[in-house]
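Engineer: Handing over protein02.cif, mmCIF, C-alpha atoms (C1' of nucleotides).
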data_run
loop_
_atom_site.label_atom_id
_atom_site.label_comp_id
_atom_site.auth_asym_id
_atom_site.auth_seq_id
_atom_site.Cartn_x
_atom_site.Cartn_y
_atom_site.Cartn_z
CA MET A 285 47.92 -24.59 -2.67
CA PRO A 286 44.88 -22.86 -1.24
CA ARG A 287 42.50 -24.30 1.22
CA PRO A 288 39.55 -25.71 -0.75
CA ARG A 289 36.08 -24.30 -0.34
CA ALA A 290 33.91 -26.05 2.14
CA PHE A 291 30.66 -25.13 0.36
CA ASP A 292 28.94 -25.97 -2.88
CA GLU A 293 28.15 -22.82 -4.83
CA GLU A 294 25.09 -24.35 -6.46
CA SER A 295 23.44 -25.23 -3.17
CA VAL A 296 24.33 -21.87 -1.67
CA LEU A 297 22.59 -20.17 -4.60
CA ASP A 298 19.63 -22.50 -4.16
CA ASN A 299 19.24 -21.55 -0.52
CA ALA A 300 19.80 -17.84 -1.08
CA MET A 301 17.26 -17.96 -3.90
CA ASN A 302 14.65 -19.46 -1.64
CA ILE A 303 14.92 -16.75 1.00
CA PHE A 304 14.92 -13.93 -1.53
CA TRP A 305 11.98 -15.58 -3.22
CA ARG A 306 9.98 -15.80 -0.03
CA LYS A 307 10.94 -12.51 1.60
CA GLY A 308 12.01 -10.18 -1.18
CA PHE A 309 15.30 -8.33 -1.47
CA GLU A 310 15.03 -5.62 1.14
CA THR A 311 13.44 -7.75 3.83
CA THR A 312 16.06 -10.46 3.52
CA SER A 313 18.98 -9.59 5.79
CA VAL A 314 22.54 -10.76 5.40
CA GLN A 315 21.99 -12.53 8.70
CA ASP A 316 19.12 -14.47 7.11
CA LEU A 317 21.38 -15.42 4.23
CA VAL A 318 24.16 -16.56 6.54
CA GLU A 319 21.79 -18.71 8.56
CA GLU A 320 19.97 -20.22 5.60
CA THR A 321 22.99 -20.93 3.44
CA GLY A 322 25.22 -22.07 6.29
CA LEU A 323 27.89 -19.97 4.63
CA ASN A 324 30.08 -17.67 6.69
CA ARG A 325 29.70 -13.91 6.35
CA ALA A 326 33.27 -13.42 5.20
CA SER A 327 33.02 -16.25 2.69
CA MET A 328 29.82 -14.74 1.35
CA TYR A 329 31.43 -11.40 0.78
CA SER A 330 34.66 -12.77 -0.66
CA SER A 331 32.88 -15.19 -3.00
CA PHE A 332 29.91 -13.14 -4.15
CA GLY A 333 30.65 -9.51 -3.34
CA ASP A 334 27.95 -7.61 -1.54
CA LYS A 335 24.28 -8.37 -0.98
CA LYS A 336 23.13 -6.95 -4.29
CA ALA A 337 25.79 -8.80 -6.28
CA LEU A 338 24.65 -12.03 -4.67
CA PHE A 339 21.08 -11.15 -5.54
CA LEU A 340 22.01 -10.64 -9.18
CA ARG A 341 23.68 -14.06 -9.19
CA VAL A 342 20.51 -15.48 -7.65
CA LEU A 343 18.41 -13.95 -10.41
CA GLU A 344 20.63 -15.60 -13.04
CA HIS A 345 20.38 -18.85 -11.13
CA TYR A 346 16.61 -18.52 -11.04
CA SER A 347 16.41 -17.90 -14.76
CA ALA A 348 18.62 -20.83 -15.56
CA LYS A 349 17.08 -23.31 -13.17
CA ILE A 350 13.48 -22.40 -12.34
CA SER A 351 12.38 -20.26 -15.24
CA THR A 352 13.91 -22.48 -17.88
CA LYS A 353 12.12 -25.47 -16.45
CA ARG A 354 8.83 -23.60 -16.07
CA PHE A 355 8.83 -22.83 -19.79
CA GLU A 356 10.12 -26.19 -20.95
CA LYS A 357 6.84 -27.36 -22.40
CA LEU A 358 6.18 -23.95 -23.92
CA ARG A 359 9.36 -24.25 -25.94
CA GLU A 360 9.30 -27.93 -26.71
CA THR A 361 5.76 -29.16 -27.15
CA ALA A 362 5.26 -29.51 -30.87
CA ASP A 363 1.72 -28.16 -31.07
CA GLY A 364 1.86 -24.52 -30.01
CA ARG A 365 -1.62 -24.39 -28.63
CA GLU A 366 -1.09 -27.43 -26.47
CA ALA A 367 2.23 -25.93 -25.33
CA ILE A 368 0.53 -22.74 -24.14
CA VAL A 369 -2.37 -24.47 -22.45
CA ALA A 370 -0.06 -26.89 -20.64
CA THR A 371 2.22 -24.07 -19.47
CA PHE A 372 -0.64 -22.16 -17.90
CA LYS A 373 -2.29 -25.19 -16.36
CA ASP A 374 0.94 -26.52 -14.88
CA THR A 375 1.87 -23.19 -13.33
CA THR A 376 -1.61 -22.54 -11.99
CA LEU A 377 -1.71 -25.96 -10.39
CA GLN A 378 1.77 -25.50 -8.98
CA CYS A 379 0.83 -22.12 -7.52
CA CYS A 380 -2.24 -23.60 -5.82
CA ASN A 381 -0.30 -26.47 -4.30
CA ASP A 382 2.63 -24.35 -3.24
CA GLY A 383 0.78 -22.76 -0.34
CA ARG A 384 3.71 -20.52 0.47
CA PHE A 385 2.73 -17.67 -1.81
CA LYS A 386 6.09 -17.30 -3.43
CA GLY A 387 4.90 -16.40 -6.89
CA CYS A 388 7.71 -15.74 -9.37
CA LEU A 389 11.00 -14.32 -8.17
CA MET A 390 11.44 -12.31 -11.36
CA VAL A 391 7.99 -10.74 -11.13
CA ASN A 392 8.36 -10.05 -7.41
CA SER A 393 11.75 -8.45 -7.88
CA GLY A 394 10.55 -6.30 -10.75
CA MET A 395 7.69 -5.01 -8.66
CA GLU A 396 9.87 -4.35 -5.64
CA LEU A 397 12.95 -2.89 -7.25
CA ALA A 398 12.45 -1.91 -10.89
CA PRO A 399 11.10 1.58 -10.11
CA HIS A 400 14.27 2.46 -8.18
CA ASP A 401 16.93 0.22 -9.63
CA PRO A 402 17.80 0.46 -13.33
CA ASP A 403 19.78 -2.80 -13.26
CA ILE A 404 16.80 -4.77 -12.03
CA ALA A 405 14.50 -2.87 -14.38
CA ALA A 406 16.65 -3.94 -17.33
CA ILE A 407 16.86 -7.57 -16.20
CA SER A 408 13.14 -7.66 -15.56
CA HIS A 409 12.42 -6.11 -18.93
CA ARG A 410 14.64 -8.62 -20.76
CA ALA A 411 13.05 -11.51 -18.90
CA PHE A 412 9.59 -10.36 -19.95
CA ARG A 413 10.72 -10.01 -23.51
CA ARG A 414 12.11 -13.54 -23.50
CA VAL A 415 8.82 -14.93 -22.26
CA GLU A 416 6.90 -12.86 -24.78
CA ASP A 417 9.06 -14.30 -27.56
CA MET A 418 8.53 -17.84 -26.35
CA PHE A 419 4.78 -17.32 -26.45
CA ALA A 420 5.07 -15.77 -29.91
CA ASN A 421 6.97 -18.81 -31.16
CA ALA A 422 4.42 -21.17 -29.69
CA LEU A 423 1.62 -19.15 -31.28
CA ARG A 424 3.30 -19.42 -34.68
CA ARG A 425 3.68 -23.16 -34.22
CA GLY A 426 -0.03 -23.29 -33.37
CA VAL A 427 -0.96 -21.34 -36.48
CA ASP A 428 1.21 -23.66 -38.59
CA ALA A 429 -0.40 -26.70 -37.01
CA GLY A 430 -3.83 -25.24 -37.58
CA THR A 431 -4.80 -25.28 -33.90
CA ILE A 432 -4.73 -21.49 -33.72
CA SER A 433 -6.54 -19.23 -36.14
CA GLY A 434 -4.34 -17.51 -38.71
CA ASP A 435 -5.91 -14.09 -38.39
CA LYS A 436 -4.59 -13.39 -34.90
CA ASN A 437 -2.19 -10.57 -34.12
CA ILE A 438 0.64 -12.78 -32.91
CA ARG A 439 2.68 -10.08 -31.19
CA ALA A 440 -0.27 -8.60 -29.32
CA LEU A 441 -1.49 -12.02 -28.27
CA ALA A 442 1.99 -13.03 -27.12
CA ARG A 443 2.22 -9.89 -25.01
CA PHE A 444 -1.17 -10.61 -23.54
CA LEU A 445 -0.15 -14.15 -22.65
CA ALA A 446 3.16 -13.10 -21.14
CA ALA A 447 1.52 -10.37 -19.07
CA SER A 448 -1.28 -12.67 -18.00
CA PHE A 449 1.26 -15.28 -16.99
CA GLN A 450 2.76 -12.71 -14.66
CA GLY A 451 -0.75 -11.93 -13.51
CA VAL A 452 -1.28 -15.52 -12.46
CA GLN A 453 1.84 -15.39 -10.34
CA LEU A 454 0.84 -12.07 -8.86
CA MET A 455 -2.46 -13.59 -7.78
CA ALA A 456 -0.66 -16.61 -6.38
CA ARG A 457 1.68 -14.50 -4.29
CA ARG A 458 -1.21 -12.50 -2.95
CA GLY A 459 -2.74 -15.77 -1.80
CA SER A 460 -5.67 -15.93 -4.18
CA ASP A 461 -8.12 -18.79 -3.76
CA PRO A 462 -7.87 -21.62 -6.30
CA GLU A 463 -11.29 -21.09 -7.87
CA THR A 464 -10.49 -17.48 -8.70
CA LEU A 465 -7.16 -18.51 -10.15
CA GLN A 466 -8.80 -21.22 -12.21
CA ASP A 467 -11.49 -18.88 -13.55
CA TYR A 468 -8.75 -16.46 -14.42
CA THR A 469 -6.60 -19.00 -16.23
CA GLU A 470 -9.49 -20.44 -18.22
CA THR A 471 -10.54 -17.03 -19.44
CA ILE A 472 -6.97 -16.20 -20.42
CA LEU A 473 -6.81 -19.37 -22.51
CA ALA A 474 -10.11 -18.52 -24.18
CA ALA A 475 -8.15 -15.80 -26.00
CA LEU A 476 -6.67 -18.59 -28.11
CA ASP A 477 -10.06 -19.36 -29.70
CA MET B 49 -8.15 23.29 26.67
CA PRO B 50 -5.49 21.44 24.73
CA ARG B 51 -3.07 22.90 22.29
CA PRO B 52 -4.56 22.49 18.82
CA ARG B 53 -2.89 20.35 16.17
CA ALA B 54 -0.66 22.19 13.78
CA PHE B 55 -1.18 19.68 10.96
CA ASP B 56 -3.98 18.58 8.70
CA GLU B 57 -4.55 14.86 8.98
CA GLU B 58 -5.78 14.58 5.41
CA SER B 59 -2.65 16.10 3.92
CA VAL B 60 -0.40 14.05 6.20
CA LEU B 61 -2.11 10.91 4.92
CA ASP B 62 -1.72 12.15 1.36
CA ASN B 63 2.00 12.63 1.77
CA ALA B 64 2.54 9.39 3.65
CA MET B 65 0.56 7.58 0.97
CA ASN B 66 2.79 8.93 -1.75
CA ILE B 67 6.01 7.71 -0.17
CA PHE B 68 4.62 4.28 0.64
CA TRP B 69 3.26 4.11 -2.88
CA ARG B 70 6.59 4.93 -4.45
CA LYS B 71 8.90 3.02 -2.12
CA GLY B 72 6.85 0.26 -0.54
CA PHE B 73 6.37 -0.43 3.14
CA GLU B 74 9.71 -1.83 4.23
CA THR B 75 11.87 0.55 2.26
CA THR B 76 10.07 3.61 3.58
CA SER B 77 11.69 4.66 6.85
CA VAL B 78 10.09 6.65 9.63
CA GLN B 79 12.67 9.31 8.82
CA ASP B 80 11.30 9.47 5.26
CA LEU B 81 7.80 9.86 6.64
CA VAL B 82 8.84 12.62 9.03
CA GLU B 83 10.58 14.54 6.25
CA GLU B 84 7.85 14.12 3.65
CA THR B 85 4.90 14.83 5.92
CA GLY B 86 6.59 17.63 7.86
CA LEU B 87 5.09 16.00 10.92
CA ASN B 88 7.18 15.51 14.02
CA ARG B 89 8.16 12.01 15.11
CA ALA B 90 6.40 12.24 18.43
CA SER B 91 3.26 13.63 16.81
CA MET B 92 3.31 10.81 14.33
CA TYR B 93 3.49 8.20 17.02
CA SER B 94 0.92 9.85 19.28
CA SER B 95 -1.55 10.46 16.45
CA PHE B 96 -1.22 7.29 14.39
CA GLY B 97 0.52 4.72 16.56
CA ASP B 98 3.45 2.93 14.99
CA LYS B 99 4.60 2.64 11.40
CA LYS B 100 2.33 -0.24 10.53
CA ALA B 101 -0.74 1.43 12.04
CA LEU B 102 -0.04 4.49 9.93
CA PHE B 103 0.34 2.25 6.91
CA LEU B 104 -3.06 0.69 7.55
CA ARG B 105 -4.59 4.17 7.77
CA VAL B 106 -2.86 5.00 4.49
CA LEU B 107 -4.37 1.93 2.84
CA GLU B 108 -7.85 3.03 3.94
CA HIS B 109 -7.09 6.51 2.68
CA TYR B 110 -5.97 5.07 -0.63
CA SER B 111 -9.12 3.01 -1.00
CA ALA B 112 -11.35 5.94 -0.21
CA LYS B 113 -9.58 8.52 -2.30
CA ILE B 114 -7.64 6.92 -5.16
CA SER B 115 -9.31 3.59 -5.67
CA THR B 116 -12.83 4.96 -5.42
CA LYS B 117 -12.04 7.54 -8.07
CA ARG B 118 -10.28 5.03 -10.29
CA PHE B 119 -13.42 2.91 -10.43
CA GLU B 120 -15.88 5.77 -10.67
CA LYS B 121 -16.76 5.16 -14.30
CA LEU B 122 -16.89 1.42 -13.75
CA ARG B 123 -19.63 1.89 -11.17
CA GLU B 124 -21.49 4.76 -12.75
CA THR B 125 -21.39 4.54 -16.51
CA ALA B 126 -24.79 3.23 -17.53
CA ASP B 127 -23.70 0.85 -20.25
CA GLY B 128 -21.58 -1.85 -18.59
CA ARG B 129 -19.41 -2.55 -21.58
CA GLU B 130 -18.55 1.09 -22.03
CA ALA B 131 -17.84 1.32 -18.29
CA ILE B 132 -15.33 -1.52 -18.47
CA VAL B 133 -13.61 -0.29 -21.61
CA ALA B 134 -13.29 3.24 -20.24
CA THR B 135 -11.90 1.99 -16.93
CA PHE B 136 -9.15 0.02 -18.63
CA LYS B 137 -8.30 2.72 -21.15
CA ASP B 138 -8.16 5.46 -18.53
CA THR B 139 -5.92 3.49 -16.23
CA THR B 140 -3.64 2.33 -19.02
CA LEU B 141 -3.23 5.88 -20.26
CA GLN B 142 -2.66 7.14 -16.74
CA CYS B 143 -0.01 4.50 -16.12
CA CYS B 144 1.82 5.44 -19.31
CA ASN B 145 1.82 9.12 -18.49
CA ASP B 146 2.76 8.66 -14.86
CA GLY B 147 6.37 7.82 -15.61
CA ARG B 148 7.09 7.15 -11.97
CA PHE B 149 6.15 3.51 -12.02
CA LYS B 150 3.98 3.63 -8.97
CA GLY B 151 1.39 1.12 -10.10
CA CYS B 152 -1.35 0.49 -7.55
CA LEU B 153 -0.61 0.76 -3.84
CA MET B 154 -2.99 -2.08 -3.02
CA VAL B 155 -1.41 -4.44 -5.55
CA ASN B 156 2.11 -3.46 -4.53
CA SER B 157 1.35 -3.95 -0.85
CA GLY B 158 -0.29 -7.30 -1.45
CA MET B 159 2.75 -8.52 -3.34
CA GLU B 160 5.18 -7.22 -0.75
CA LEU B 161 3.42 -8.12 2.46
CA ALA B 162 0.53 -10.56 1.99
CA PRO B 163 2.68 -13.70 2.18
CA HIS B 164 3.95 -12.69 5.64
CA ASP B 165 1.25 -10.46 7.05
CA PRO B 166 -2.26 -11.85 7.52
CA ASP B 167 -3.73 -8.36 8.09
CA ILE B 168 -2.51 -7.15 4.73
CA ALA B 169 -3.47 -10.43 3.10
CA ALA B 170 -7.04 -9.97 4.32
CA ILE B 171 -7.23 -6.33 3.24
CA SER B 172 -5.76 -7.18 -0.14
CA HIS B 173 -8.17 -10.06 -0.57
CA ARG B 174 -11.20 -7.91 0.29
CA ALA B 175 -10.03 -5.20 -2.09
CA PHE B 176 -9.76 -7.70 -4.91
CA ARG B 177 -13.19 -9.03 -4.15
CA ARG B 178 -14.66 -5.53 -4.26
CA VAL B 179 -13.15 -4.90 -7.67
CA GLU B 180 -14.31 -8.28 -8.89
CA ASP B 181 -17.86 -7.42 -7.77
CA MET B 182 -17.75 -4.05 -9.50
CA PHE B 183 -16.75 -5.73 -12.73
CA ALA B 184 -19.49 -8.33 -12.27
CA ASN B 185 -22.08 -5.58 -11.83
CA ALA B 186 -20.85 -3.80 -14.92
CA LEU B 187 -20.98 -7.05 -16.88
CA ARG B 188 -24.59 -7.62 -15.84
CA ARG B 189 -25.45 -4.09 -16.90
CA GLY B 190 -23.81 -4.82 -20.23
CA VAL B 191 -25.80 -8.00 -20.68
CA ASP B 192 -29.00 -6.12 -19.84
CA ALA B 193 -28.10 -3.39 -22.30
CA GLY B 194 -27.33 -5.98 -24.95
CA THR B 195 -23.72 -4.83 -25.43
CA ILE B 196 -22.38 -8.00 -23.87
CA SER B 197 -23.41 -11.49 -24.93
CA GLY B 198 -25.77 -13.24 -22.54
CA ASP B 199 -24.00 -16.60 -22.62
CA LYS B 200 -20.89 -15.44 -20.74
CA ASN B 201 -19.87 -16.79 -17.36
CA ILE B 202 -20.18 -13.50 -15.49
CA ARG B 203 -18.26 -14.53 -12.39
CA ALA B 204 -15.34 -16.02 -14.30
CA LEU B 205 -15.17 -13.04 -16.63
CA ALA B 206 -15.29 -10.60 -13.71
CA ARG B 207 -12.43 -12.43 -12.05
CA PHE B 208 -10.48 -12.32 -15.26
CA LEU B 209 -11.05 -8.59 -15.61
CA ALA B 210 -10.15 -7.85 -11.99
CA ALA B 211 -6.99 -9.93 -12.21
CA SER B 212 -6.06 -8.42 -15.56
CA PHE B 213 -6.59 -4.97 -14.13
CA GLN B 214 -4.01 -5.80 -11.50
CA GLY B 215 -1.84 -7.16 -14.27
CA VAL B 216 -1.90 -3.80 -16.03
CA GLN B 217 -0.69 -2.10 -12.91
CA LEU B 218 1.97 -4.71 -12.36
CA MET B 219 3.29 -4.03 -15.84
CA ALA B 220 3.16 -0.30 -15.22
CA ARG B 221 5.17 -0.56 -12.03
CA ARG B 222 7.76 -2.69 -13.75
CA GLY B 223 8.14 0.09 -16.31
CA SER B 224 6.64 -1.66 -19.31
CA ASP B 225 6.70 0.20 -22.60
CA PRO B 226 3.42 1.74 -23.77
CA GLU B 227 2.97 -0.42 -26.87
CA THR B 228 3.19 -3.60 -24.82
CA LEU B 229 0.70 -2.20 -22.33
CA GLN B 230 -1.64 -1.20 -25.10
CA ASP B 231 -1.45 -4.58 -26.82
CA TYR B 232 -2.14 -6.15 -23.46
CA THR B 233 -5.15 -3.96 -22.69
CA GLU B 234 -6.71 -4.41 -26.10
CA THR B 235 -6.47 -8.16 -25.87
CA ILE B 236 -7.98 -8.13 -22.40
CA LEU B 237 -10.94 -6.16 -23.70
CA ALA B 238 -11.41 -8.59 -26.57
CA ALA B 239 -12.66 -11.01 -23.95
CA LEU B 240 -15.86 -8.96 -23.91
CA ASP B 241 -16.71 -9.99 -27.48
"C1'" DC C 283 58.11 -30.86 6.87
"C1'" DA C 284 57.76 -25.96 5.74
"C1'" DT C 285 55.78 -22.51 3.05
"C1'" DA C 286 52.22 -20.06 0.50
"C1'" DC C 287 47.77 -19.31 -0.03
"C1'" DT C 288 42.78 -19.20 0.62
"C1'" DC C 289 38.99 -20.19 3.39
"C1'" DT C 290 36.56 -19.86 7.86
"C1'" DG C 291 34.72 -18.27 12.40
"C1'" DG C 292 33.44 -14.55 14.92
"C1'" DA C 293 34.13 -10.12 16.68
"C1'" DA C 294 33.80 -5.32 15.45
"C1'" DC C 295 32.47 -1.25 12.62
"C1'" DG C 296 29.72 2.96 11.69
"C1'" DG C 297 25.35 4.11 10.49
"C1'" DA C 298 20.32 3.52 10.08
"C1'" DT C 299 16.32 1.47 11.97
"C1'" DG C 300 11.72 1.90 14.75
"C1'" DT C 301 10.43 3.66 19.06
"C1'" DT C 302 10.29 6.34 23.47
"C1'" DC C 303 11.38 10.12 26.61
"C1'" DT C 304 11.86 14.72 28.31
"C1'" DA C 305 11.31 19.42 28.17
"C1'" DT C 306 8.96 23.19 26.16
"C1'" DA C 307 5.16 25.61 23.59
"C1'" DA C 308 0.44 26.72 22.98
"C1'" DT C 309 -4.24 26.94 23.74
"C1'" DA C 310 -9.24 26.61 26.29
"C1'" DC C 311 -11.47 26.89 30.26
"C1'" DA C 312 -11.74 28.02 35.57
"C1'" DT D 229 -4.75 35.12 34.92
"C1'" DG D 230 -3.56 30.62 36.26
"C1'" DT D 231 -4.07 25.88 35.41
"C1'" DA D 232 -4.95 21.72 32.91
"C1'" DT D 233 -4.15 19.46 28.80
"C1'" DT D 234 -2.22 18.31 24.57
"C1'" DA D 235 1.11 19.20 20.65
"C1'" DT D 236 5.70 19.89 19.46
"C1'" DA D 237 10.78 19.70 18.94
"C1'" DG D 238 14.62 17.04 19.27
"C1'" DA D 239 17.62 14.23 21.92
"C1'" DA D 240 18.19 9.49 23.30
"C1'" DC D 241 17.30 4.42 23.15
"C1'" DA D 242 18.34 -0.32 22.04
"C1'" DT D 243 18.62 -3.05 18.08
"C1'" DC D 244 19.58 -4.36 13.63
"C1'" DC D 245 21.59 -3.29 9.16
"C1'" DG D 246 25.39 -4.21 5.55
"C1'" DT D 247 30.14 -4.48 5.60
"C1'" DT D 248 35.04 -5.11 7.07
"C1'" DC D 249 38.72 -6.88 9.73
"C1'" DC D 250 41.63 -10.14 12.00
"C1'" DA D 251 43.28 -14.28 13.88
"C1'" DG D 252 43.42 -19.01 12.98
"C1'" DA D 253 42.38 -23.32 10.24
"C1'" DG D 254 43.37 -26.26 6.37
"C1'" DT D 255 45.59 -28.03 2.18
"C1'" DA D 256 48.50 -28.30 -2.24
"C1'" DT D 257 52.97 -27.54 -3.59
"C1'" DG D 258 58.29 -26.71 -2.66
#
Show the structure stored in the file as structure tokens.
Structural biologist:
Amino acid sequence: MPRPRAFDEESVLDNAMNIFWRKGFETTSVQDLVEETGLNRASMYSSFGDKKALFLRVLEHYSAKISTKRFEKLRETADGREAIVATFKDTTLQCCNDGRFKGCLMVNSGMELAPHDPDIAAISHRAFRRVEDMFANALRRGVDAGTISGDKNIRALARFLAASFQGVQLMARRGSDPETLQDYTETILAALD
Amino acid sequence: MPRPRAFDEESVLDNAMNIFWRKGFETTSVQDLVEETGLNRASMYSSFGDKKALFLRVLEHYSAKISTKRFEKLRETADGREAIVATFKDTTLQCCNDGRFKGCLMVNSGMELAPHDPDIAAISHRAFRRVEDMFANALRRGVDAGTISGDKNIRALARFLAASFQGVQLMARRGSDPETLQDYTETILAALD
DNA sequence: CATACTCTGGAACGGATGTTCTATAATACA
DNA sequence: TGTATTATAGAACATCCGTTCCAGAGTATG
């Protein structure tokens, strides 16, 4: 019976994600969202709730679409060491070529909101933990394959890699020059030796 | 002739710094600043210009007061290796005990504003470079003292340390748990071996 | 074709934003 | 002591914020 929606939820989330990613939560106005998504104010509120609810949906969307893809090789490359190296190199290269200083939406949001917003703090914490676990798995695969020394503290090294991965994206958002980023990444990866 | 000021500029900057540090630039309102500093609106505008001008003064103040102190040991401890280790351990401990997730004002501001504000991007970039240079100096002292191996790439290692130092403060602001932070710091410092 | 229902466009809401203005208070020098 | 000069207090400004409301558009079913 009802009038069908004139918008595609996926593409609305894509567009909303891009503004939030570029500008951050507070600086992005509902007006910005309306203009960028093409969606009407009323439709936005009836379909997604308020601004924060939309933002939470965007974070899920980011995890599912961007983050999942960014860690694809980390999860799937058979040799753990190769998986880790490729993940860092790909992201570093991507950050350099981006040129728009977006960094990582999850990192940005954690920095901006976690101190004041327990919901975001929890999401951000879980996201970090997921990444940490992915690195830990890759490290174990590396140890099994013999490309990573067996006497490493896997958990500590995984935490280091996860934190350093965030560090790379912090540097990218701040607009770091490529040489600095490359020096940084190479030294991070030296921890695998 | 004129009526003397009823406020102390130093303490106004201290208070303003603390709000900006906690809340970030955009989220801090002029009302917040008026309440926290005790300074009148008109006095604020006549003495410091607008909100952004005050923020720039606060960043200088932060560099001179907080940042300088934070890197005191890094600059002054004779043995470079000891200087670096102490700097990381002190800051990590301080971050854990803070409990208010403030992180580093310079890092926070760079993340929030650098992509959209060239002034902040430049300030943030210079600040990073200064830290990088301090680490490089410490590394050279360590090499001279024989506590750091001579075949290291000093510049790359300094960049790694400076970036990782930011990483620690990123983690702190996000509210990372102490064990993760400690694992992270210890693995960073292993790069000195 | 009529009805029921949801979506859409845009105006409207109260409140908060950064900034400026005006009137008054307070001092140092003539 | 009177005057010049600046600081202060607080009202006032236009603008933007997130959110809500209402009138009308559009379609699947009866």
Engineer: Given the file above and the PyMOL selection byres ((chain B) within 12 of (chain C)), which residues are selected, and can you give them as a ChimeraX atom specification?
Structural biologist: /B:49-54,74-80,89-90,92-94,97-100
Engineer: Can you write out the residues you just picked, keeping C-alpha atoms, as a PDB file, in the frame of the given file?
Structural biologist:
ATOM      1  CA  MET B  49      -8.150  23.290  26.670  1.00  0.00           C
ATOM      2  CA  PRO B  50      -5.490  21.440  24.730  1.00  0.00           C
ATOM      3  CA  ARG B  51      -3.070  22.900  22.290  1.00  0.00           C
ATOM      4  CA  PRO B  52      -4.560  22.490  18.820  1.00  0.00           C
ATOM      5  CA  ARG B  53      -2.890  20.350  16.170  1.00  0.00           C
ATOM      6  CA  ALA B  54      -0.660  22.190  13.780  1.00  0.00           C
ATOM      7  CA  GLU B  74       9.710  -1.830   4.230  1.00  0.00           C
ATOM      8  CA  THR B  75      11.870   0.550   2.260  1.00  0.00           C
ATOM      9  CA  THR B  76      10.070   3.610   3.580  1.00  0.00           C
ATOM     10  CA  SER B  77      11.690   4.660   6.850  1.00  0.00           C
ATOM     11  CA  VAL B  78      10.090   6.650   9.630  1.00  0.00           C
ATOM     12  CA  GLN B  79      12.670   9.310   8.820  1.00  0.00           C
ATOM     13  CA  ASP B  80      11.300   9.470   5.260  1.00  0.00           C
ATOM     14  CA  ARG B  89       8.160  12.010  15.110  1.00  0.00           C
ATOM     15  CA  ALA B  90       6.400  12.240  18.430  1.00  0.00           C
ATOM     16  CA  MET B  92       3.310  10.810  14.330  1.00  0.00           C
ATOM     17  CA  TYR B  93       3.490   8.200  17.020  1.00  0.00           C
ATOM     18  CA  SER B  94       0.920   9.850  19.280  1.00  0.00           C
ATOM     19  CA  GLY B  97       0.520   4.720  16.560  1.00  0.00           C
ATOM     20  CA  ASP B  98       3.450   2.930  14.990  1.00  0.00           C
ATOM     21  CA  LYS B  99       4.600   2.640  11.400  1.00  0.00           C
ATOM     22  CA  LYS B 100       2.330  -0.240  10.530  1.00  0.00           C
TER      23      LYS B 100
END
Engineer: For chain B, which residues have at least one atom within 6 Å of chain A, if we go by only C-alpha atoms? Write them as a list in words, please.
Structural biologist: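 Therefore, the residues near the partner are Phe149, Gly158, Met159, Ala162, Pro163, Ala204, Arg207, Phe208, Gly215, Arg222, Asp231 and Tyr232 of chain B.
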Engineer: Selected by the PyMOL selection byres ((chain B and resi 111-117) around 10) in the shown coordinates: which residues, as a list in words?
Structural biologist: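 Applied to this file, the PyMOL selection byres ((chain B and resi 111-117) around 10) returns Asp62, Arg105, Val106, Leu107, Glu108, His109, Tyr110, Arg118, Phe119, Glu120, Lys121, Leu122, Arg123, Cys152, Leu153, Met154, Ala175 and Val179 of chain B.
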Engineer: Box in all listed atoms of range 331-341 of chain A, axis-aligned, with 6 Å more on each side; write out centre and edge lengths in Å to one decimal as lines of an AutoDock Vina configuration file.
Structural biologist:
center_x = 27.0
center_y = -11.1
center_z = -5.1
size_x = 23.8
size_y = 20.2
size_z = 20.2
Engineer: Residues of chain D within 10 Å of chain A, counting only C-alpha atoms (C1' of nucleotides) - could you list those as an MDAnalysis selection string?
Structural biologist: chainID D and resid 244:249 253:257
Engineer: Kindly give the distance, in Å, that separates CA of Ile368 in chain A and CA of Ile407 in chain A, rounded to a single decimal.
Structural biologist: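 Distance between the two atoms: 23.7 Å.
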Engineer: Which of these residues is nearest to Arg365 in chain A, using all atoms listed in the file: A:Asp477, A:Asp435, A:Asp417, A:Glu319?
Structural biologist: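 The closest residue to Arg365 in chain A is A:Asp477.
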Engineer: Just give me the gap between CA of Asn63 in chain B and CA of Leu102 in chain B in Å, one decimal is fine.
Structural biologist: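 Computing the Euclidean distance for CA of Asn63 in chain B and CA of Leu102 in chain B yields 11.7 Å.
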Engineer: Between CA of Ser327 in chain A and CA of Phe339 in chain A, what is the distance in Å, rounded to a tenth?
Structural biologist: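 These two atoms are separated by 15.4 Å.
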Engineer: Taking (-25.6, -6.2, -17.2) in the coordinates of the supplied file, I want to know which residues reach to within 12 Å of it, counting all atoms listed in the file; could you give the answer as a ChimeraX atom specification?
Structural biologist: /B:123,125-132,182-200,202,206
Engineer: Could you tell me which of B:Ser95, B:Ser59, B:Asn88, B:Asn66 comes closest to DG238 in chain D if we count all atoms listed in the file?
Structural biologist: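 Selected residue with least distance to DG238 in chain D: B:Asn88.
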